[in-house]
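Pasting final.cif here (mmCIF, C-alpha atoms):
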```
data_work
#
loop_
_atom_site.group_PDB
_atom_site.id
_atom_site.type_symbol
_atom_site.label_atom_id
_atom_site.label_comp_id
_atom_site.auth_asym_id
_atom_site.auth_seq_id
_atom_site.Cartn_x
_atom_site.Cartn_y
_atom_site.Cartn_z
ATOM 1 C CA MET J 1 -4.731 -18.924 -23.398
ATOM 2 C CA LYS J 2 -3.143 -19.312 -19.962
ATOM 3 C CA LYS J 3 -1.551 -15.830 -20.201
ATOM 4 C CA VAL J 4 -4.873 -14.263 -21.150
ATOM 5 C CA ALA J 5 -6.506 -15.809 -18.080
ATOM 6 C CA LEU J 6 -3.606 -14.666 -15.907
ATOM 7 C CA PHE J 7 -3.859 -11.102 -17.185
ATOM 8 C CA ALA J 8 -7.580 -11.161 -16.486
ATOM 9 C CA THR J 9 -6.868 -12.426 -12.977
ATOM 10 C CA LEU J 10 -4.376 -9.617 -12.465
ATOM 11 C CA GLY J 11 -6.962 -7.086 -13.518
ATOM 12 C CA VAL J 12 -4.846 -5.802 -16.380
ATOM 13 C CA ALA J 13 -6.940 -4.139 -19.049
ATOM 14 C CA ALA J 14 -6.441 -5.175 -22.635
ATOM 15 C CA SER J 15 -5.740 -1.545 -23.447
ATOM 16 C CA LEU J 16 -2.703 -1.228 -21.191
ATOM 17 C CA GLY J 17 -0.832 1.851 -22.145
ATOM 18 C CA THR J 18 -3.777 4.128 -22.825
ATOM 19 C CA SER J 19 -5.361 6.065 -19.990
ATOM 20 C CA ALA J 20 -3.041 4.965 -17.158
ATOM 21 C CA GLN J 21 0.152 5.708 -19.042
ATOM 22 C CA SER J 22 -1.009 8.914 -20.707
ATOM 23 C CA ALA J 23 -1.794 10.382 -17.277
ATOM 24 C CA GLN J 24 1.808 9.936 -16.080
ATOM 25 C CA ALA J 25 2.398 13.327 -14.572
ATOM 26 C CA ALA J 26 3.211 12.311 -11.019
ATOM 27 C CA ASN J 27 5.997 10.438 -9.249
ATOM 28 C CA ILE J 28 5.394 7.316 -7.163
ATOM 29 C CA VAL J 29 4.627 9.220 -3.929
ATOM 30 C CA GLU J 30 2.259 11.662 -5.663
ATOM 31 C CA THR J 31 0.519 8.795 -7.456
ATOM 32 C CA ALA J 32 0.127 6.892 -4.168
ATOM 33 C CA GLN J 33 -1.213 10.011 -2.438
ATOM 34 C CA ALA J 34 -3.767 10.545 -5.197
ATOM 35 C CA ALA J 35 -4.974 6.947 -4.806
ATOM 36 C CA GLY J 36 -5.912 7.664 -1.187
ATOM 37 C CA GLN J 37 -5.290 4.126 0.121
ATOM 38 C CA PHE J 38 -1.574 4.380 0.921
ATOM 39 C CA LYS J 39 -1.462 6.881 3.798
ATOM 40 C CA THR J 40 0.404 4.474 6.086
ATOM 41 C CA LEU J 41 2.909 3.545 3.365
ATOM 42 C CA ILE J 42 3.627 7.204 2.616
ATOM 43 C CA ALA J 43 4.025 8.049 6.320
ATOM 44 C CA ALA J 44 6.357 5.074 6.729
ATOM 45 C CA ALA J 45 8.420 6.059 3.662
ATOM 46 C CA LYS J 46 8.835 9.566 5.087
ATOM 47 C CA ALA J 47 9.770 8.231 8.543
ATOM 48 C CA ALA J 48 12.324 5.875 6.984
ATOM 49 C CA GLY J 49 13.837 8.648 4.871
ATOM 50 C CA LEU J 50 12.830 6.954 1.618
ATOM 51 C CA ALA J 51 10.507 9.604 0.189
ATOM 52 C CA PRO J 52 13.339 11.217 -1.827
ATOM 53 C CA THR J 53 14.088 7.857 -3.447
ATOM 54 C CA LEU J 54 10.434 7.321 -4.354
ATOM 55 C CA THR J 55 10.165 10.823 -5.810
ATOM 56 C CA GLY J 56 13.506 10.577 -7.635
ATOM 57 C CA LYS J 57 14.302 9.667 -11.214
ATOM 58 C CA GLY J 58 13.796 5.901 -10.930
ATOM 59 C CA PRO J 59 12.595 3.800 -12.510
ATOM 60 C CA LEU J 60 11.312 1.741 -9.617
ATOM 61 C CA THR J 61 8.661 -0.891 -9.131
ATOM 62 C CA VAL J 62 6.817 -0.649 -5.828
ATOM 63 C CA PHE J 63 4.664 -3.451 -4.459
ATOM 64 C CA ALA J 64 2.552 -1.137 -2.333
ATOM 65 C CA PRO J 65 0.641 -2.421 0.696
ATOM 66 C CA THR J 66 -2.622 -0.566 1.238
ATOM 67 C CA ASP J 67 -3.685 0.952 4.538
ATOM 68 C CA ALA J 68 -5.823 -2.181 5.016
ATOM 69 C CA ALA J 69 -2.705 -4.330 4.540
ATOM 70 C CA PHE J 70 -0.869 -2.403 7.268
ATOM 71 C CA ALA J 71 -3.939 -2.779 9.496
ATOM 72 C CA LYS J 72 -3.483 -6.578 9.350
ATOM 73 C CA LEU J 73 -0.205 -6.295 11.282
ATOM 74 C CA PRO J 74 -0.368 -6.980 15.024
ATOM 75 C CA ALA J 75 -1.598 -4.028 17.092
ATOM 76 C CA GLY J 76 1.151 -1.487 17.759
ATOM 77 C CA THR J 77 3.497 -2.752 15.025
ATOM 78 C CA VAL J 78 3.189 0.261 12.735
ATOM 79 C CA GLU J 79 3.494 2.719 15.615
ATOM 80 C CA ASN J 80 6.586 0.886 16.872
ATOM 81 C CA LEU J 81 8.207 0.856 13.415
ATOM 82 C CA LEU J 82 7.598 4.601 13.013
ATOM 83 C CA LYS J 83 9.731 5.357 16.088
ATOM 84 C CA PRO J 84 13.086 6.981 15.248
ATOM 85 C CA GLU J 85 15.039 4.132 16.842
ATOM 86 C CA ASN J 86 13.454 1.684 14.361
ATOM 87 C CA LYS J 87 14.221 3.740 11.241
ATOM 88 C CA ALA J 88 16.726 1.202 9.843
ATOM 89 C CA THR J 89 14.342 -1.742 10.276
ATOM 90 C CA LEU J 90 11.489 0.233 8.740
ATOM 91 C CA ALA J 91 13.696 1.197 5.782
ATOM 92 C CA THR J 92 14.649 -2.458 5.239
ATOM 93 C CA ILE J 93 11.000 -3.535 5.297
ATOM 94 C CA LEU J 94 9.955 -0.829 2.843
ATOM 95 C CA LYS J 95 12.905 -1.450 0.495
ATOM 96 C CA TYR J 96 11.827 -5.091 0.429
ATOM 97 C CA HIS J 97 8.704 -3.873 -1.394
ATOM 98 C CA VAL J 98 10.773 -2.139 -4.097
ATOM 99 C CA ILE J 99 12.434 -3.605 -7.176
ATOM 100 C CA PRO J 100 14.881 -1.456 -9.126
ATOM 101 C CA GLY J 101 13.623 -0.854 -12.681
ATOM 102 C CA LYS J 102 10.156 -0.717 -14.166
ATOM 103 C CA VAL J 103 8.567 -4.162 -13.996
ATOM 104 C CA THR J 104 5.071 -4.179 -15.473
ATOM 105 C CA ALA J 105 2.524 -6.955 -15.053
ATOM 106 C CA ALA J 106 3.379 -8.182 -18.541
ATOM 107 C CA LYS J 107 7.012 -8.670 -17.458
ATOM 108 C CA VAL J 108 6.081 -10.287 -14.136
ATOM 109 C CA THR J 109 3.843 -12.843 -15.831
ATOM 110 C CA GLN J 110 6.724 -13.857 -18.098
ATOM 111 C CA LEU J 111 8.703 -15.079 -15.084
ATOM 112 C CA PRO J 112 8.613 -18.751 -14.200
ATOM 113 C CA SER J 113 6.653 -19.278 -10.985
ATOM 114 C CA GLY J 114 9.049 -19.511 -8.056
ATOM 115 C CA THR J 115 11.545 -16.991 -9.453
ATOM 116 C CA ASN J 116 13.683 -15.186 -6.883
ATOM 117 C CA VAL J 117 13.719 -11.440 -7.528
ATOM 118 C CA ALA J 118 16.241 -9.073 -5.952
ATOM 119 C CA THR J 119 14.718 -6.197 -3.998
ATOM 120 C CA ALA J 120 16.161 -2.806 -3.050
ATOM 121 C CA ALA J 121 16.655 -4.224 0.470
ATOM 122 C CA GLY J 122 19.303 -6.592 -0.893
ATOM 123 C CA GLU J 123 17.153 -9.625 -0.139
ATOM 124 C CA LYS J 124 15.178 -11.705 -2.575
ATOM 125 C CA VAL J 125 11.451 -12.284 -2.730
ATOM 126 C CA ILE J 126 9.877 -15.264 -4.494
ATOM 127 C CA VAL J 127 7.334 -14.458 -7.200
ATOM 128 C CA ARG J 128 4.703 -17.171 -7.531
ATOM 129 C CA LEU J 129 2.136 -17.336 -10.322
ATOM 130 C CA ARG J 130 -0.911 -19.228 -9.082
ATOM 131 C CA ASN J 131 -4.344 -17.699 -9.602
ATOM 132 C CA GLY J 132 -2.579 -14.359 -9.970
ATOM 133 C CA VAL J 133 0.729 -13.071 -8.676
ATOM 134 C CA MET J 134 1.905 -13.629 -5.109
ATOM 135 C CA LEU J 135 5.028 -12.413 -3.316
ATOM 136 C CA ASP J 136 6.542 -14.896 -0.899
ATOM 137 C CA PRO J 137 9.476 -14.046 1.395
ATOM 138 C CA GLY J 138 10.069 -17.785 1.786
ATOM 139 C CA ILE J 139 9.688 -17.865 5.583
ATOM 140 C CA GLY J 140 6.079 -16.830 5.890
ATOM 141 C CA GLY J 141 3.695 -13.987 5.267
ATOM 142 C CA LYS J 142 2.676 -13.888 1.646
ATOM 143 C CA ALA J 143 1.068 -11.008 -0.280
ATOM 144 C CA ASN J 144 -1.233 -11.155 -3.291
ATOM 145 C CA VAL J 145 -1.048 -8.572 -6.044
ATOM 146 C CA VAL J 146 -4.582 -7.155 -6.238
ATOM 147 C CA LYS J 147 -4.057 -4.374 -8.782
ATOM 148 C CA THR J 148 -1.306 -3.884 -11.323
ATOM 149 C CA ASP J 149 0.324 -1.248 -13.449
ATOM 150 C CA VAL J 150 -0.530 1.952 -11.638
ATOM 151 C CA MET J 151 1.858 4.080 -13.666
ATOM 152 C CA ALA J 152 3.946 6.952 -12.339
ATOM 153 C CA ASP J 153 6.475 9.040 -14.211
ATOM 154 C CA ASN J 154 9.338 7.343 -12.334
ATOM 155 C CA GLY J 155 8.050 3.767 -12.232
ATOM 156 C CA VAL J 156 5.081 1.560 -11.559
ATOM 157 C CA ILE J 157 3.024 0.564 -8.520
ATOM 158 C CA HIS J 158 1.445 -2.847 -8.007
ATOM 159 C CA VAL J 159 -1.023 -2.941 -5.106
ATOM 160 C CA ILE J 160 -0.659 -5.803 -2.606
ATOM 161 C CA ASP J 161 -2.951 -7.012 0.174
ATOM 162 C CA SER J 162 -0.343 -7.638 2.903
ATOM 163 C CA VAL J 163 2.923 -6.237 4.192
ATOM 164 C CA ILE J 164 5.768 -8.664 3.556
ATOM 165 C CA LEU J 165 8.772 -8.871 5.852
ATOM 166 C CA PRO J 166 12.246 -9.643 4.550
ATOM 167 C CA PRO J 167 13.739 -12.886 5.851
ATOM 168 C CA SER J 168 16.361 -10.981 7.892
ATOM 169 C CA VAL J 169 13.646 -9.060 9.761
ATOM 170 C CA GLN J 170 11.604 -12.211 10.307
ATOM 171 C CA ARG J 171 14.644 -14.025 11.709
ATOM 172 C CA ALA J 172 15.436 -11.061 14.003
ATOM 173 C CA MET J 173 11.844 -11.062 15.280
ATOM 174 C CA MET J 174 12.149 -14.781 16.058
ATOM 175 C CA GLY J 175 15.440 -14.163 17.896
ATOM 176 C CA GLN J 176 17.591 -16.093 15.444
#
```

Please express the file's structure as C-alpha cells.
Amino acid sequence: MKKVALFATLGVAASLGTSAQSAQAANIVETAQAAGQFKTLIAAAKAAGLAPTLTGKGPLTVFAPTDAAFAKLPAGTVENLLKPENKATLATILKYHVIPGKVTAAKVTQLPSGTNVATAAGEKVIVRLRNGVMLDPGIGGKANVVKTDVMADNGVIHVIDSVILPPSVQRAMMGQ
C-alpha cells in the first residue's frame, strides 16, 4: 500500500508505458524543448558543451530543473554561470543532475531512503523518499521531484523544482 501511495505522490500513472513510452521519438534535448519549461537548462547544457551528450545514445536519467527552478537562484547566478570562463563549473553542476542509465520512478522508489547515488559529475546525491522523492546534496539545497518518467529515446527525464549544487561547488562558493 505504501508504494501505491508513493507512486500517486510522484504523479506516476498506473498505465506507465503506454502513451509516454510509445511517443519516444525524440532525444532528451528534443523532449525538453518540446516541454517548453526547460529553456534555461537547454541553454546551460549548450554553453557547457553537454548538448551532444544529452542527444547521444545514452541511456541517461536527467533530473531536470525547470525555468522556474533556475529563477530561484540568486540574481545574476545563471548569467554568471553562462560566461565562458565558468564553463567547467556549469558542466559540473549540470552533470550533477544526470545519472548514467535509465532510472524510472519505479526503480527510484525501490531504493531505501537515504541512498547515495553516483552522478555523472562524479559526486553522489542522496535520494530521500518522504512524501515523494527528494534529491539532497547533503550540504544544503534540496530539490523535489515534481513529475516523473518523461520518456525520451535515449533516457528519461524527471522534473525537479530546484537546481541542486554538488558538494564541491558548494564548498568552493563558501571558500573552503

Do a neighbour search on segment 96-111 of chain J at 10 Å with only C-alpha atoms, toss out local chain neighbours closer than 5 positions, and write the hits as a ChimeraX atom specification. /J:3,6-7,10-12,16,54,58-65,90-91,116-125,127-129,132-133,135,137,145,147-151,154-158,160,163-167

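Selection by the PyMOL selection byres ((chain J and resi 78-80) around 12) on the present file picks out Thr40, Leu41, Ala43, Ala44, Ala45, Ala47, Asp67, Ala69, Phe70, Ala71, Lys72, Leu73, Pro74, Ala75, Gly76, Thr77, Leu81, Leu82, Lys83, Pro84, Glu85, Asn86, Lys87, Thr89, Leu90, Ile93 and Val163 of chain J.
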
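Proximity to Pro52 of chain J was assessed for J:Asn131, J:Val29, J:Gln37, J:Ile126 counting only C-alpha atoms; the smallest distance is recorded for J:Val29.
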
Give, as JSON, the centre coordinates and the x, y and z edge lengths in Å to one decimal for an axis-aligned box around all listed atoms of segment 43-51 of chain J, padded by 5 Å on each side.
```
{"center_x": 8.9, "center_y": 7.3, "center_z": 4.4, "size_x": 19.8, "size_y": 14.5, "size_z": 18.4}
```

For this session: Determine the residue membership of the PyMOL selection byres ((chain J and resi 26) around 10) for the file above and supply it as a VMD selection string.
Result: chain J and resid 23 to 25 27 to 34 55 151 to 155

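Comparing J:Val169, J:Ile42, J:Met174, J:Ala51 by their smallest distance to Ala88 of chain J, the closest is J:Val169 (using all atoms listed in the file).
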
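Take atom CA of Val159 of chain J and atom CA of Thr66 of chain J: the distance between them is 7.0 Å.
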
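For the atom pair formed by atom CA of Lys46 of chain J and atom CA of Ala172 of chain J, the distance is 23.4 Å, given to one decimal.
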
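Atom CA of Thr92 of chain J is found 19.9 Å from atom CA of Met134 of chain J.
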
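Among the candidates J:Ala143, J:Gly138, J:Leu94, J:Ala68, the residue lying nearest to Gln170 of chain J is J:Gly138 (atoms considered: only C-alpha atoms).
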